[in-house]
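Student: The file below is data-v4.pdb, PDB, C-alpha atoms:
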MODEL        1
ATOM      1  CA  GLN A  12     -49.488  31.154   4.387
ATOM      2  CA  VAL A  13     -52.148  31.599   7.069
ATOM      3  CA  GLN A  14     -52.600  29.670  10.277
ATOM      4  CA  LEU A  15     -55.903  29.975  12.093
ATOM      5  CA  VAL A  16     -56.749  28.988  15.647
ATOM      6  CA  GLU A  17     -60.308  29.048  16.945
ATOM      7  CA  SER A  18     -61.199  29.283  20.612
ATOM      8  CA  GLY A  19     -64.142  30.047  22.849
ATOM      9  CA  GLY A  20     -66.301  27.015  22.265
ATOM     10  CA  GLY A  21     -67.974  25.122  25.069
ATOM     11  CA  LEU A  22     -71.195  23.871  26.573
ATOM     12  CA  VAL A  23     -74.053  26.321  27.058
ATOM     13  CA  GLN A  24     -77.761  26.071  27.757
ATOM     14  CA  ALA A  25     -80.305  27.029  25.157
ATOM     15  CA  GLY A  26     -80.806  30.777  25.139
ATOM     16  CA  GLY A  27     -77.266  31.407  26.275
ATOM     17  CA  SER A  28     -74.329  33.077  24.550
ATOM     18  CA  LEU A  29     -70.808  32.295  23.492
ATOM     19  CA  ARG A  30     -68.099  34.316  21.825
ATOM     20  CA  LEU A  31     -65.751  32.540  19.480
ATOM     21  CA  SER A  32     -62.382  33.913  18.437
ATOM     22  CA  CYS A  33     -60.272  33.119  15.418
ATOM     23  CA  ALA A  34     -56.643  34.216  15.703
ATOM     24  CA  ALA A  35     -54.571  34.359  12.543
ATOM     25  CA  SER A  36     -50.860  34.140  11.865
ATOM     26  CA  VAL A  37     -50.083  35.452   8.410
ATOM     27  CA  SER A  38     -46.906  35.362   6.377
ATOM     28  CA  GLY A  39     -46.298  36.969   3.032
ATOM     29  CA  ARG A  40     -49.443  39.080   3.194
ATOM     30  CA  THR A  41     -51.453  40.945   5.756
ATOM     31  CA  PHE A  42     -54.568  39.724   7.511
ATOM     32  CA  SER A  43     -56.577  42.545   5.951
ATOM     33  CA  ASP A  44     -55.946  40.983   2.525
ATOM     34  CA  TYR A  45     -58.381  38.243   3.465
ATOM     35  CA  ALA A  46     -62.087  37.977   3.919
ATOM     36  CA  VAL A  47     -63.063  35.545   6.650
ATOM     37  CA  GLY A  48     -65.830  33.018   6.902
ATOM     38  CA  TRP A  49     -67.256  31.012   9.755
ATOM     39  CA  PHE A  50     -68.628  27.570   9.026
ATOM     40  CA  ARG A  51     -70.017  24.831  11.203
ATOM     41  CA  GLN A  52     -70.409  21.097  10.934
ATOM     42  CA  ALA A  53     -72.738  18.977  13.013
ATOM     43  CA  PRO A  54     -72.289  15.198  13.298
ATOM     44  CA  GLY A  55     -73.484  13.453  10.179
ATOM     45  CA  LYS A  56     -74.064  16.702   8.316
ATOM     46  CA  GLU A  57     -72.189  18.672   5.706
ATOM     47  CA  ARG A  58     -70.188  21.752   6.559
ATOM     48  CA  GLU A  59     -72.532  24.744   6.622
ATOM     49  CA  PHE A  60     -71.838  28.398   5.939
ATOM     50  CA  VAL A  61     -72.553  30.701   8.887
ATOM     51  CA  VAL A  62     -71.200  34.156   8.078
ATOM     52  CA  ALA A  63     -68.627  35.948   5.932
ATOM     53  CA  ILE A  64     -66.956  39.191   6.909
ATOM     54  CA  SER A  65     -65.119  41.502   4.538
ATOM     55  CA  TRP A  66     -61.497  42.688   4.707
ATOM     56  CA  THR A  67     -62.308  45.716   6.867
ATOM     57  CA  GLY A  68     -65.181  44.159   8.759
ATOM     58  CA  VAL A  69     -67.617  46.759   7.489
ATOM     59  CA  SER A  70     -69.586  44.240   5.441
ATOM     60  CA  THR A  71     -71.017  40.931   6.580
ATOM     61  CA  HIS A  72     -73.249  38.268   5.108
ATOM     62  CA  TYR A  73     -75.133  35.842   7.351
ATOM     63  CA  ALA A  74     -76.895  32.581   6.795
ATOM     64  CA  ASP A  75     -80.622  32.912   7.397
ATOM     65  CA  SER A  76     -80.420  30.416  10.245
ATOM     66  CA  VAL A  77     -78.251  32.725  12.352
ATOM     67  CA  LYS A  78     -79.324  36.168  11.181
ATOM     68  CA  GLY A  79     -80.274  38.390  14.105
ATOM     69  CA  ARG A  80     -78.624  36.072  16.638
ATOM     70  CA  PHE A  81     -74.968  35.934  15.579
ATOM     71  CA  THR A  82     -72.629  38.866  14.974
ATOM     72  CA  ALA A  83     -69.248  38.680  13.290
ATOM     73  CA  SER A  84     -66.547  41.286  13.764
ATOM     74  CA  ARG A  85     -62.828  41.591  13.246
ATOM     75  CA  ASP A  86     -59.864  43.467  14.654
ATOM     76  CA  ASN A  87     -57.168  43.595  11.987
ATOM     77  CA  ALA A  88     -54.692  45.121  14.410
ATOM     78  CA  LYS A  89     -54.952  41.916  16.436
ATOM     79  CA  ASN A  90     -55.357  39.584  13.447
ATOM     80  CA  THR A  91     -58.497  38.253  15.069
ATOM     81  CA  VAL A  92     -62.072  37.633  14.033
ATOM     82  CA  TYR A  93     -64.911  37.148  16.482
ATOM     83  CA  LEU A  94     -68.284  35.463  16.354
ATOM     84  CA  GLN A  95     -70.718  36.562  19.040
ATOM     85  CA  MET A  96     -73.469  33.991  19.310
ATOM     86  CA  ASN A  97     -76.603  34.890  21.237
ATOM     87  CA  THR A  98     -79.892  33.120  21.844
ATOM     88  CA  LEU A  99     -78.247  29.802  21.114
ATOM     89  CA  ARG A 100     -80.379  26.828  20.161
ATOM     90  CA  PRO A 101     -79.686  23.088  20.330
ATOM     91  CA  GLU A 102     -79.523  23.044  16.526
ATOM     92  CA  ASP A 103     -76.499  25.371  16.721
ATOM     93  CA  THR A 104     -74.512  22.489  18.175
ATOM     94  CA  ALA A 105     -71.557  21.831  15.867
ATOM     95  CA  VAL A 106     -67.841  22.231  15.400
ATOM     96  CA  TYR A 107     -67.245  25.819  14.309
ATOM     97  CA  TYR A 108     -64.461  26.651  11.878
ATOM     98  CA  CYS A 109     -63.021  29.895  10.620
ATOM     99  CA  ALA A 110     -61.466  30.131   7.189
ATOM    100  CA  VAL A 111     -59.984  32.800   4.918
ATOM    101  CA  TYR A 112     -59.864  33.584   1.223
ATOM    102  CA  ARG A 113     -58.746  36.477  -0.944
ATOM    103  CA  PRO A 114     -61.625  37.945  -2.927
ATOM    104  CA  THR A 115     -60.893  39.054  -6.467
ATOM    105  CA  SER A 116     -63.615  41.690  -6.485
ATOM    106  CA  SER A 117     -64.644  44.263  -3.913
ATOM    107  CA  LEU A 118     -68.182  44.232  -5.317
ATOM    108  CA  ALA A 119     -68.709  40.469  -5.284
ATOM    109  CA  TRP A 120     -66.671  39.451  -2.266
ATOM    110  CA  VAL A 121     -69.102  37.139  -0.482
ATOM    111  CA  GLU A 122     -68.334  33.436  -0.681
ATOM    112  CA  VAL A 123     -70.605  30.883   0.935
ATOM    113  CA  GLY A 124     -68.977  27.833  -0.578
ATOM    114  CA  ALA A 125     -66.365  26.130   1.552
ATOM    115  CA  SER A 126     -64.280  25.185  -1.487
ATOM    116  CA  LYS A 127     -63.407  28.836  -2.105
ATOM    117  CA  TYR A 128     -61.633  29.186   1.204
ATOM    118  CA  GLU A 129     -57.881  28.676   1.212
ATOM    119  CA  TYR A 130     -56.970  28.168   4.847
ATOM    120  CA  TRP A 131     -58.898  26.647   7.742
ATOM    121  CA  GLY A 132     -58.582  26.393  11.485
ATOM    122  CA  GLN A 133     -58.931  23.184  13.423
ATOM    123  CA  GLY A 134     -62.372  24.035  14.781
ATOM    124  CA  THR A 135     -63.909  24.558  18.199
ATOM    125  CA  GLN A 136     -66.831  22.573  19.594
ATOM    126  CA  VAL A 137     -70.040  24.356  20.534
ATOM    127  CA  THR A 138     -72.677  22.331  22.357
ATOM    128  CA  VAL A 139     -76.060  23.789  23.231
ATOM    129  CA  SER A 140     -78.175  21.809  25.653
ATOM    130  CA  SER A 141     -81.951  22.004  25.733
TER     131      SER A 141
ENDMDL
END
Let's see the structure in the file written out as structure tokens.

Tutor:
Amino acid sequence: QVQLVESGGGLVQAGGSLRLSCAASVSGRTFSDYAVGWFRQAPGKEREFVVAISWTGVSTHYADSVKGRFTASRDNAKNTVYLQMNTLRPEDTAVYYCAVYRPTSSLAWVEVGASKYEYWGQGTQVTVSS
């Protein structure tokens, strides 16, 4: 069982930065058993993959739309994952969610499909004004 709580969202002007956090409470396993993904969902749109980060945090995979602007990291000692978002654009406006899954392969660990993720947080709103 994993409970996830996102925080750090808010209102920012275009070009600004925000840092999101995703704090996990884990029972039965350890947080480092899980890879973590960030997704976002804008009004009227489907949930969109943003980034996945591996168990140790060494490996990441970004959506093209955020590559070079967003950086994911994790601190397993604190059971927390972070998403540093720089050079924000109005089109980044969405509810941001973190989610976890347990990969079955260390070589093919990246999952961009939301259906593969087992546990989700409640989301945090990010609004970027122009």

Student: Record the distance separating atom CA of Gln24 of chain A and atom CA of Val62 of chain A, expressed in Å with one decimal.

Tutor: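 Between atom CA of Gln24 of chain A and atom CA of Val62 of chain A the gap works out to 22.3 Å.
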
Student: Please determine, counting all atoms listed in the file, which residue among A:Cys33, A:Ala25, A:Ala74, A:Ile64 has the shortest atom-to-atom distance to Gly134 of chain A.

Tutor: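 Distance minimum relative to Gly134 of chain A lands on A:Cys33.
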
Student: Determine the residue set returned by the PyMOL selection byres ((chain A and resi 15) around 6) for the present structure, and present it as a ChimeraX atom specification.

Tutor: /A:14,16,34-35,132

Student: List, as a PyMOL selection string, every residue that the PyMOL selection byres ((chain A and resi 90) around 10) selects in the file provided.

Tutor: chain A and resi 15+33-37+41-43+85-89+91-92

Student: Which residue gives the smallest distance to Val137 of chain A among A:Arg100, A:Lys56, A:His72, A:Arg80, with all atoms listed in the file counted?

Tutor: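 The answer is A:Arg100, which sits nearest to Val137 of chain A.
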